[in-house]
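Contents: one structure, followed by commentary.
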Amino acid sequence: MCGRYGRRADKQRIAEWMQTHNTDVFDESYFAPTYNAAPQSWQPVVRLNFETGERELTVMRWGLVPFWAKDPKMAFSTINAKAETVATSPAFREAMKRRRCLVPAEWFYEWQKMDAKSKQPYAIAMKDRSLFAFAGLWDSWKDKATGKTLETYTVITTDPNEVMQPLHKRMPVIVKREDYGRWLEPGEPSRLPIDLLRPFDADAMTAWKVNARVGNVRNNDPECVEAM
């Protein structure tokens, strides 16, 4: 599972790393660094523009609402999609075919179960602390009552690598930078890039203990990710 993550990168750095275009549609505050991104929050996402085919940087709400949903309530259970079933699950299969995206991050959090009553939070990142991207899916849902459109996303998860195994049984799929184009390109629906949905190289990653205050979504500051 991936239920929290963070990044220091601002709009310009994300655009440069992802080789995409800045967007002026959203207020700059949506692209500010976040140290505790939580479900239902609005976060930067990279996708292909339908008209130009170029990568664009936009903002979506975390928790995917399929276009066919009656209401947006199911977003609370769709923050993650399993790699093993993403191509067949009713909630994700259409997005997997046509609406793949990348979610910029610099670390994510996971809670290791210590005993029946306690868990220790960890931050997991690249050893060089570089920016990276989760494999994501997005969808657009329209409220029939108001006519307003809501764009949302989910983060795909897979089996853990050696860094994650002691902490949790799942980890987010991290797409290698050289595979960004292949992941985003719609391509042929019968040839989905399922092979990219695998654990990231453990030798490139590291994990460290962080303060339990990260468990409260109201805490969103550098102290959340500081090593204990």
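Labels for the structure tokens follow display order: chains A, B, ..., residues from 1 in each chain, ligands from 1.
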Practice item. Just the residues within 7 Å of stretch 151-156 of chain A, please, counting only C-alpha atoms, with nothing from its chain fewer than 6 positions along; format it as a PyMOL selection string. Key: chain A and resi 60-65+78-83+134-141+172-173
Could you go through stretch 11-178 of chain A and tell me which residues DSSP, when run on the backbone, assigns to alpha helix (DSSP H), listing them as a list of chain:residue names?
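Of stretch 11-178 of chain A, the ones in alpha helix (DSSP H) are A:Lys11, A:Gln12, A:Arg13, A:Ile14, A:Ala15, A:Glu16, A:Trp17, A:Met18, A:Arg93, A:Glu94, A:Ala95, A:Met96, A:Lys97, A:Arg98.
Residue nearest A:Val225 within the list A:Tyr122, A:Phe132, A:Trp68, A:Phe200: A:Tyr122 [criterion: smallest interatomic distance, only C-alpha atoms].
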* To do: Would you list the contacts of A:Val59 as an NGL selection string, taking every protein, DNA or RNA residue within 6 Å and counting only C-alpha atoms, but skipping same-chain residues closer than 4 positions in sequence?
  => :A and (43-45)
Here atom CA of A:Lys176 and atom CA of A:Trp111 stand apart by 24.6 Å
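Remark: for A:Ala37, the closest of the candidate residues A:Cys224, A:Val217, A:Met171, A:Ala133 is A:Val217 (distances computed over only C-alpha atoms).
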- Message: Considering only strand (DSSP E) as DSSP defines it on the backbone, what residues of stretch 1-227 of chain A qualify? List them as number ranges by chain.
- Response: A: 5-7, 34-37, 42-48, 55-62, 80-82, 100-105, 107-113, 119-126, 132-142, 149-158, 171-172, 205-209
Now that the selection is made, can you save its residues with C-alpha atoms as a PDB file, in the first residue's frame?
ATOM      1  CA  TYR A   5       4.308  10.389   0.245  1.00  0.00           C
ATOM      2  CA  GLY A   6       6.190  13.638  -0.106  1.00  0.00           C
ATOM      3  CA  ARG A   7       8.444  15.815  -2.265  1.00  0.00           C
ATOM      4  CA  THR A  34       4.539  18.706   0.449  1.00  0.00           C
ATOM      5  CA  TYR A  35       5.954  16.566   3.237  1.00  0.00           C
ATOM      6  CA  ASN A  36       2.837  14.515   3.918  1.00  0.00           C
ATOM      7  CA  ALA A  37       0.676  14.067   0.820  1.00  0.00           C
ATOM      8  CA  TRP A  42      -4.646  17.636  -4.713  1.00  0.00           C
ATOM      9  CA  GLN A  43      -1.210  16.794  -6.092  1.00  0.00           C
ATOM     10  CA  PRO A  44       0.859  17.295  -9.280  1.00  0.00           C
ATOM     11  CA  VAL A  45       0.474  14.585 -11.927  1.00  0.00           C
ATOM     12  CA  VAL A  46       2.048  14.180 -15.379  1.00  0.00           C
ATOM     13  CA  ARG A  47       0.059  12.827 -18.322  1.00  0.00           C
ATOM     14  CA  LEU A  48      -0.081  13.182 -22.102  1.00  0.00           C
ATOM     15  CA  ARG A  55       3.578  15.633 -21.547  1.00  0.00           C
ATOM     16  CA  GLU A  56       1.697  18.084 -19.391  1.00  0.00           C
ATOM     17  CA  LEU A  57       1.909  18.866 -15.705  1.00  0.00           C
ATOM     18  CA  THR A  58      -1.481  19.162 -14.069  1.00  0.00           C
ATOM     19  CA  VAL A  59      -3.129  18.701 -10.665  1.00  0.00           C
ATOM     20  CA  MET A  60      -5.545  15.949  -9.638  1.00  0.00           C
ATOM     21  CA  ARG A  61      -7.124  14.630  -6.463  1.00  0.00           C
ATOM     22  CA  TRP A  62      -5.680  11.413  -5.001  1.00  0.00           C
ATOM     23  CA  ASN A  80      -4.032   2.294  -4.819  1.00  0.00           C
ATOM     24  CA  ALA A  81      -4.428  -0.251  -7.618  1.00  0.00           C
ATOM     25  CA  LYS A  82      -2.769  -3.684  -7.509  1.00  0.00           C
ATOM     26  CA  ARG A 100      -1.802   6.243 -17.540  1.00  0.00           C
ATOM     27  CA  CYS A 101       0.097   8.925 -15.648  1.00  0.00           C
ATOM     28  CA  LEU A 102       3.184   9.589 -13.539  1.00  0.00           C
ATOM     29  CA  VAL A 103       3.047  10.867  -9.959  1.00  0.00           C
ATOM     30  CA  PRO A 104       6.157  12.874  -8.904  1.00  0.00           C
ATOM     31  CA  ALA A 105       7.591  12.055  -5.468  1.00  0.00           C
ATOM     32  CA  TRP A 107       9.899   9.644  -0.795  1.00  0.00           C
ATOM     33  CA  PHE A 108       6.954   7.674   0.523  1.00  0.00           C
ATOM     34  CA  TYR A 109       6.003   6.506   3.987  1.00  0.00           C
ATOM     35  CA  GLU A 110       5.215   3.074   5.323  1.00  0.00           C
ATOM     36  CA  TRP A 111       4.392   1.788   8.806  1.00  0.00           C
ATOM     37  CA  GLN A 112       6.170  -1.296  10.142  1.00  0.00           C
ATOM     38  CA  LYS A 113       4.091  -3.269  12.632  1.00  0.00           C
ATOM     39  CA  LYS A 119       3.768   0.741  14.404  1.00  0.00           C
ATOM     40  CA  GLN A 120       6.959   2.533  13.412  1.00  0.00           C
ATOM     41  CA  PRO A 121       6.748   4.891  10.409  1.00  0.00           C
ATOM     42  CA  TYR A 122       9.559   4.866   7.849  1.00  0.00           C
ATOM     43  CA  ALA A 123      10.418   7.095   4.923  1.00  0.00           C
ATOM     44  CA  ILE A 124      11.642   5.327   1.783  1.00  0.00           C
ATOM     45  CA  ALA A 125      13.545   7.149  -0.969  1.00  0.00           C
ATOM     46  CA  MET A 126      16.341   6.919  -3.499  1.00  0.00           C
ATOM     47  CA  PHE A 132      11.153   9.836  -9.049  1.00  0.00           C
ATOM     48  CA  ALA A 133       7.686   8.920 -10.280  1.00  0.00           C
ATOM     49  CA  PHE A 134       5.049   6.399  -9.268  1.00  0.00           C
ATOM     50  CA  ALA A 135       3.145   4.561 -11.960  1.00  0.00           C
ATOM     51  CA  GLY A 136      -0.360   5.994 -11.806  1.00  0.00           C
ATOM     52  CA  LEU A 137      -3.719   5.973 -13.553  1.00  0.00           C
ATOM     53  CA  TRP A 138      -6.149   8.846 -13.868  1.00  0.00           C
ATOM     54  CA  ASP A 139      -9.786   9.311 -14.780  1.00  0.00           C
ATOM     55  CA  SER A 140     -12.298  12.081 -15.320  1.00  0.00           C
ATOM     56  CA  TRP A 141     -15.700  11.964 -13.604  1.00  0.00           C
ATOM     57  CA  LYS A 142     -18.566  14.340 -14.325  1.00  0.00           C
ATOM     58  CA  THR A 149     -15.632  17.578 -13.869  1.00  0.00           C
ATOM     59  CA  LEU A 150     -13.404  15.936 -11.270  1.00  0.00           C
ATOM     60  CA  GLU A 151     -10.022  14.495 -12.296  1.00  0.00           C
ATOM     61  CA  THR A 152      -8.500  11.942  -9.949  1.00  0.00           C
ATOM     62  CA  TYR A 153      -5.616   9.474  -9.822  1.00  0.00           C
ATOM     63  CA  THR A 154      -4.413   6.284  -8.178  1.00  0.00           C
ATOM     64  CA  VAL A 155      -0.943   4.858  -7.440  1.00  0.00           C
ATOM     65  CA  ILE A 156      -0.208   1.304  -8.570  1.00  0.00           C
ATOM     66  CA  THR A 157       1.437  -1.068  -6.080  1.00  0.00           C
ATOM     67  CA  THR A 158       3.412  -4.283  -6.477  1.00  0.00           C
ATOM     68  CA  MET A 171       5.290  -1.029  -2.378  1.00  0.00           C
ATOM     69  CA  PRO A 172       4.374   1.582  -5.001  1.00  0.00           C
ATOM     70  CA  MET A 205      16.811   2.785  -2.417  1.00  0.00           C
ATOM     71  CA  THR A 206      17.060   3.394   1.303  1.00  0.00           C
ATOM     72  CA  ALA A 207      14.730   3.669   4.323  1.00  0.00           C
ATOM     73  CA  TRP A 208      14.898   5.426   7.674  1.00  0.00           C
ATOM     74  CA  LYS A 209      12.732   5.834  10.770  1.00  0.00           C
TER      75      LYS A 209
END
Please determine, counting only C-alpha atoms, which residue among A:Asp10, A:Glu106, A:Glu54, A:Glu162 has the shortest atom-to-atom distance to A:Ala202.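 Among A:Asp10, A:Glu106, A:Glu54, A:Glu162, it is A:Glu162 that comes nearest to A:Ala202.
Rounded to one decimal, atom CA of A:Pro222 and atom CA of A:Trp17 lie 21.8 Å from each other.
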